[in-house]
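**Q** Here it is: the structure, laid out below.
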Amino acid sequence: MQGNIASAEGALAAGCTFFGGYPITPSTEVAEHMAARMPKIKGACFIQMEDEIASIAAIIGAAWTGARSMTATSGPGFSLMMENIGYAVMTETPCVIVNIQRGGPSTGQPTMAAQGDMMQVKFGSHGDYSIIALAPSSVQECFDLTAKAFNLADRFRTPVFLMADEVIGHMREKIEIPDSVEIVRPKTLAEGALPFAPGPDGVPGFAAFGTGRHIPVTGLTHDERGYPDTTNPARHESLVRRLFSKIEDARHDIADYAIVNDEAEYVFVCYGAPVRTVREVVERLRIPDTGYLQLRIVWPFPEDLLSRFPKVKAFIVPEMNLGMMAREIERHVSVPVIPVSKIGGDLHTPEELVEAVRVAGGLL
Amino acid sequence: MRDDWLREDRLPHIYCAGCGNGTIMNCVLEAVERTGWDQKKTIFVSGIGCSSRAPGYILTDSLHTTHGRAIAFATGVKMANPSLHVVVFTGDGDLAAIGGNHFIHACRRNIDITVVCMNNHIYGMTGGQGSPTTPIGKTSTTTPYGADEAPFDLAELAIAAGANYVARWTSFHVKQLTESVLTGLNTPGFSLIEVRCQCPTSYGRRNKYREPVDYMTYLKTHAVLKEKWERTAAPGAELPADSFLVGEFVRRQRPVMGVPDEA
């Protein structure tokens, strides 16, 4: 099965009943598969919108009816979605956005892989906020993590992103599809509770449109009733800090990762396609003193995992960008962080990573 | 006003003295009440601008969204749950400038929503900039020497793009407007009701309609009933300058989207 199709199937397994999308390479197979599958599912709707702005608008609208909703895109479309991503954050709308990353900026390399949107996903819309971003490194993970994204979106009432790339999206591998996947819907809005009053976890209960709660949803700074209150600094600060903290405070709790050889001195930190090369180097070539941390959830960044390597001398960060997450890692550690940046669309070769270990050894 | 449908705890509203939006809201709410729709199942959606603040004052579920995108959000609501009744409030800038693409595509799909456009020919909320419906020669903060771009005819745009129901009235024609909104709400498919209205603060003040009643008088005296014009005008005759047609422009039954299966 292809990664993009596994992602679509993962969404369907999780009960996704609304997909709004717009064709864009290299994500189009997600929409095509949904277009074929959803009309045969009772109550499900596939709609091809007029652009990516409309696609994300439609899935946010659908989410407020209680539907699990998703869109899929790539770089240029992702850029177009930024304003409404901020709207989903501000209105606490659960939804899933798949980004099959390609080379940018601009139209760039439509058919080549990249990880150049890892900062955009976290910082691309205006204002302070936080989101959840997952990164699959295999077709199986495309399925599993897409299904998981819906649970995270519902639990935290936030847009959740599957940050795959062209290689993973177009790769074909055998996968195991479970009979059913775990489904966790949002906690319901308690009788008499205000629609934007948070629980202890910082997340308000949810009530779908049509259930009689008369919820006014706005992208303006609002109070717990949902009423606009745009010139009160304290109101804005408490709202935005809550939207930020409800995600960031959960970063250790929701961390999804793999650690191999925590006794290593040279530790790769990786996510997405580069994980595959790292595994080759650490697990098959068994280059001495190497280990790795694979992040399946990249944002919120689980910085505590970096302290799980007591003997580490350097973190080596292979990315298909010019060092985006390497910079985040640098904020949290005192040992050297060595980015192995590769752009243009080719994966890192094992030789390149072995060389990085050798250079790291020489530097230290 | 229709107290059951209003959030009285949101008052006072933000509209300026003499604004036409309140009149239009009142007509729309009267029409909605007359449909007999369940308040729980009625959703108001809007974008950004003065018109788009209307849903915030109405006691239903509502989405006050991003600039120009109301119809795209409404499409998601309606397609995900066709049993909901979806009404969009928008303005000329929101609908025809930044939201123009979503507008024509929703007409093409003929999705079962009703769009009420409060067309005051100006960006009121940002202080009176020219919009795609500012008539040639009229003054705004971004057309200080008079607008020199041809305006859109919103009703004609919706007809050409495929909407099932299109009507145009003004904030003066409250009875006709209410009836047309009601027809729009009850017509399966996309309905556009364009309502020309006064913005004394940002449009009237700069265009010799200083008092709200000045522009309402203009609307009253320059609105030409479409039926009457077609009956009485000589073939090929042009409407008098500054006049415009009002009435029900199209009512048809093209294939629709977003209507519940059992309907």
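Residue numbers start at 1 in each chain; chains themselves are named A, B, ... in the order of the structure tokens; ligands are numbered from 1 in the order shown.
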Could you go through range 103-187 of chain A and tell me which residues DSSP, when run on the backbone, assigns to alpha helix (DSSP H), listing them as a list in words?

**A** Gln120, Val121, Lys122, Phe123, Val139, Gln140, Glu141, Cys142, Phe143, Asp144, Leu145, Thr146, Ala147, Lys148, Ala149, Phe150, Asn151, Leu152, Ala153, Asp154, Arg155, Phe156, Glu166, Val167, Ile168, Gly169 and His170 of chain A

**Q** I'd like the neighbourhood of range 219-227 of chain B as a PyMOL selection string, where a residue qualifies if any of its atoms comes within 9 Å (using only C-alpha atoms), though same-chain residues fewer than 6 positions away should be ignored.

**A** chain B and resi 169-173+196-198+239-249

**Q** Find the residues of chain B in contact range of chain A, meaning any atom within 8 Å when counting only C-alpha atoms, and list them as a PyMOL selection string.

**A** chain B and resi 10+39-43+55-56+59-66+69+72-81+84+101-102+105

**Q** Could you save the residues just selected, with N, CA and C atoms, as a CSV table (one decimal), in the first residue's frame?

**A**
```csv
chain,number,residue,atom,x,y,z
B,10,ARG,N,-25.7,40.5,24.5
B,10,ARG,CA,-24.7,41.1,23.6
B,10,ARG,C,-24.9,42.6,23.3
B,39,GLN,N,-34.8,26.4,16.1
B,39,GLN,CA,-33.7,27.3,16.4
B,39,GLN,C,-32.4,26.5,16.6
B,40,LYS,N,-32.6,25.2,17.1
B,40,LYS,CA,-31.4,24.4,17.4
B,40,LYS,C,-30.7,24.0,16.1
B,41,LYS,N,-31.5,23.9,15.0
B,41,LYS,CA,-31.0,23.3,13.8
B,41,LYS,C,-30.7,24.4,12.8
B,42,THR,N,-30.7,25.7,13.2
B,42,THR,CA,-30.4,26.8,12.3
B,42,THR,C,-29.1,27.4,12.7
B,43,ILE,N,-28.2,27.5,11.7
B,43,ILE,CA,-26.8,27.9,11.9
B,43,ILE,C,-26.6,29.2,11.0
B,55,PRO,N,-24.3,37.4,13.1
B,55,PRO,CA,-24.6,36.2,13.7
B,55,PRO,C,-24.3,36.2,15.2
B,56,GLY,N,-23.3,37.0,15.6
B,56,GLY,CA,-23.0,37.1,17.0
B,56,GLY,C,-24.1,37.6,17.9
B,59,LEU,N,-29.3,34.1,18.7
B,59,LEU,CA,-29.2,33.0,19.6
B,59,LEU,C,-29.3,31.7,18.9
B,60,THR,N,-28.3,31.3,18.2
B,60,THR,CA,-28.2,30.0,17.6
B,60,THR,C,-26.7,29.6,17.6
B,61,ASP,N,-26.4,28.4,17.2
B,61,ASP,CA,-25.0,28.1,16.9
B,61,ASP,C,-24.6,29.0,15.7
B,62,SER,N,-23.4,29.5,15.8
B,62,SER,CA,-22.9,30.4,14.7
B,62,SER,C,-21.4,30.3,14.5
B,63,LEU,N,-21.0,30.6,13.3
B,63,LEU,CA,-19.5,30.7,13.0
B,63,LEU,C,-19.2,32.1,12.4
B,64,HIS,N,-18.5,32.8,13.2
B,64,HIS,CA,-18.0,34.1,12.7
B,64,HIS,C,-16.5,33.8,12.2
B,65,THR,N,-16.3,33.8,10.9
B,65,THR,CA,-15.1,33.1,10.4
B,65,THR,C,-14.1,34.2,10.0
B,66,THR,N,-13.3,33.8,8.9
B,66,THR,CA,-12.3,34.7,8.4
B,66,THR,C,-12.8,35.4,7.2
B,69,ARG,N,-14.4,34.0,3.7
B,69,ARG,CA,-14.5,32.6,3.7
B,69,ARG,C,-15.8,32.0,4.2
B,72,ALA,N,-17.3,29.1,2.3
B,72,ALA,CA,-16.6,27.9,2.3
B,72,ALA,C,-16.8,27.1,3.7
B,73,PHE,N,-16.8,27.9,4.8
B,73,PHE,CA,-17.1,27.3,6.1
B,73,PHE,C,-18.6,26.7,6.0
B,74,ALA,N,-19.5,27.5,5.5
B,74,ALA,CA,-20.9,27.1,5.5
B,74,ALA,C,-21.1,25.8,4.6
B,75,THR,N,-20.2,25.7,3.6
B,75,THR,CA,-20.3,24.5,2.8
B,75,THR,C,-19.9,23.3,3.6
B,76,GLY,N,-18.9,23.4,4.5
B,76,GLY,CA,-18.6,22.3,5.3
B,76,GLY,C,-19.7,21.9,6.3
B,77,VAL,N,-20.3,22.9,6.9
B,77,VAL,CA,-21.4,22.7,7.9
B,77,VAL,C,-22.5,21.9,7.1
B,78,LYS,N,-22.9,22.5,6.0
B,78,LYS,CA,-24.1,21.9,5.3
B,78,LYS,C,-23.8,20.5,4.7
B,79,MET,N,-22.7,20.3,4.2
B,79,MET,CA,-22.4,19.0,3.6
B,79,MET,C,-22.2,18.0,4.6
B,80,ALA,N,-21.6,18.4,5.8
B,80,ALA,CA,-21.4,17.4,6.9
B,80,ALA,C,-22.7,17.0,7.6
B,81,ASN,N,-23.6,18.0,7.6
B,81,ASN,CA,-24.9,17.7,8.2
B,81,ASN,C,-26.0,18.4,7.5
B,84,LEU,N,-29.1,20.5,8.9
B,84,LEU,CA,-29.0,21.8,9.5
B,84,LEU,C,-29.4,22.9,8.4
B,101,ASN,N,-14.3,34.0,-5.1
B,101,ASN,CA,-14.1,32.6,-5.6
B,101,ASN,C,-15.1,31.7,-5.0
B,102,HIS,N,-15.2,31.8,-3.6
B,102,HIS,CA,-16.1,30.9,-2.9
B,102,HIS,C,-17.5,31.1,-3.3
B,105,HIS,N,-18.3,29.6,-6.8
B,105,HIS,CA,-18.3,28.1,-6.7
B,105,HIS,C,-19.5,27.6,-5.9
```

**Q** Write out as a PyMOL selection string all residues of range 212-338 of chain A that DSSP puts in strand (DSSP E) for this structure's backbone.

**A** chain A and resi 216-218+257-260+266-270+290-295+297-299+314-319+337-338

**Q** Please write the residues from the selection above to a file, keeping C-alpha atoms, as a compact mmCIF listing (two decimals), in the first residue's frame.

**A**
```txt
# COMPACT_ATOMS: atom_id res chain seq x y z
CA PRO A 216 -21.19 31.49 19.08
CA VAL A 217 -17.86 30.61 17.48
CA THR A 218 -15.55 33.48 16.57
CA TYR A 257 8.93 8.11 20.15
CA ALA A 258 11.44 5.32 19.83
CA ILE A 259 14.80 5.22 21.61
CA VAL A 260 17.48 2.82 20.46
CA TYR A 266 26.45 9.91 19.15
CA VAL A 267 22.71 10.20 19.12
CA PHE A 268 20.68 10.82 16.01
CA VAL A 269 17.48 12.74 16.53
CA CYS A 270 15.20 12.10 13.58
CA THR A 290 25.53 5.38 17.90
CA GLY A 291 21.90 5.41 18.93
CA TYR A 292 18.84 7.35 18.02
CA LEU A 293 15.69 9.08 19.12
CA GLN A 294 12.85 8.91 16.61
CA LEU A 295 10.10 11.45 17.16
CA ILE A 297 5.23 13.60 17.57
CA VAL A 298 7.54 16.49 16.74
CA TRP A 299 5.41 19.33 18.10
CA ALA A 314 26.71 15.06 20.37
CA PHE A 315 23.25 15.02 18.86
CA ILE A 316 23.28 14.51 15.11
CA VAL A 317 20.14 15.74 13.35
CA PRO A 318 19.59 14.63 9.77
CA GLU A 319 16.79 16.66 8.21
CA VAL A 337 24.07 19.64 17.99
CA ILE A 338 25.21 18.77 14.50
```

**Q** My list of candidates is B:Pro151, B:Pro235, B:Pro200, B:Gly189. Which is closest to Gly130 in chain B when distances are computed with only C-alpha atoms?

**A**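 Of the candidates, the smallest distance to Gly130 in chain B is held by B:Pro151.
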
**Q** In Å to one decimal, how far is CA of Asp256 in chain A from CA of Arg308 in chain A?

**A**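 These two atoms are separated by 14.2 Å.
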
**Q** If we count only C-alpha atoms, what is near range 234-240 of chain A at a cut-off of 7 Å, once residues fewer than 2 positions away on the same chain are taken out, given as a list in words?

**A**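 These residues fall inside the cut-off: Tyr129, Thr221, Asn232, Arg242, Leu243 and Phe244 of chain A.
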
**Q** Which residues, written as a PyMOL selection string, have at least one atom at most 7 Å from Arg251 in chain A, with only C-alpha atoms counted and residues fewer than 5 positions away on the same chain left out?

**A** chain A and resi 300-302

**Q** When you look at Thr146 in chain A with a cut-off of 7 Å (counting only C-alpha atoms), what residues show up, excluding the ones that are within fewer than 5 positions of it in the same chain? I need them as a ChimeraX atom specification.

**A** /A:7,10-11,162

**Q** Tell me which of A:Gly3, A:Pro23, A:Pro204, A:Gly344 sits closest to Ile175 in chain A, counting only C-alpha atoms.

**A** A:Gly3

**Q** Residues at most 10 Å from Val115 in chain B, counting only C-alpha atoms, excluding those fewer than 3 positions away in the same chain, as a VMD selection string?

**A** chain B and resid 44 to 46 70 to 71 74 86 to 91 95 103 112 118 166 181 184 to 185 190 to 194

**Q** Mind writing the picked residues with C-alpha atoms as a compact mmCIF listing (two decimals), in the first residue's frame?

**A**
```
# COMPACT_ATOMS: atom_id res chain seq x y z
CA PHE B 44 -25.66 31.42 10.96
CA VAL B 45 -22.25 31.81 9.34
CA SER B 46 -20.37 34.98 8.45
CA ALA B 70 -17.94 32.33 5.20
CA ILE B 71 -19.41 30.39 2.28
CA ALA B 74 -20.90 27.09 5.48
CA VAL B 86 -27.48 27.34 7.04
CA VAL B 87 -27.74 31.10 6.52
CA VAL B 88 -24.76 33.30 5.65
CA PHE B 89 -24.50 37.00 6.42
CA THR B 90 -21.93 38.80 4.33
CA GLY B 91 -21.10 42.17 2.82
CA LEU B 95 -18.51 38.33 -0.67
CA PHE B 103 -19.18 32.80 -3.91
CA ASP B 112 -28.42 24.52 -0.23
CA MET B 118 -25.60 43.62 2.99
CA VAL B 166 -31.54 35.40 -6.69
CA VAL B 181 -35.53 35.95 2.15
CA GLY B 184 -34.73 31.95 -0.54
CA LEU B 185 -34.76 29.98 2.69
CA PHE B 190 -28.09 28.37 -3.40
CA SER B 191 -30.04 31.56 -2.71
CA LEU B 192 -28.58 35.04 -2.85
CA ILE B 193 -30.51 37.98 -1.51
CA GLU B 194 -28.56 41.16 -2.21
```

**Q** Can you pull out the residues contacting Ala17 in chain B? Cut-off 12 Å, using only C-alpha atoms, and skip same-chain residues under 4 positions away; I want them as a ChimeraX atom specification.

**A** /B:12-13,21-23,198-202,210-213

**Q** What is the CA of Ile329 in chain A to CA of Leu306 in chain A distance in Å?

**A**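 About the pair CA of Ile329 in chain A and CA of Leu306 in chain A: they are 8.2 Å apart.
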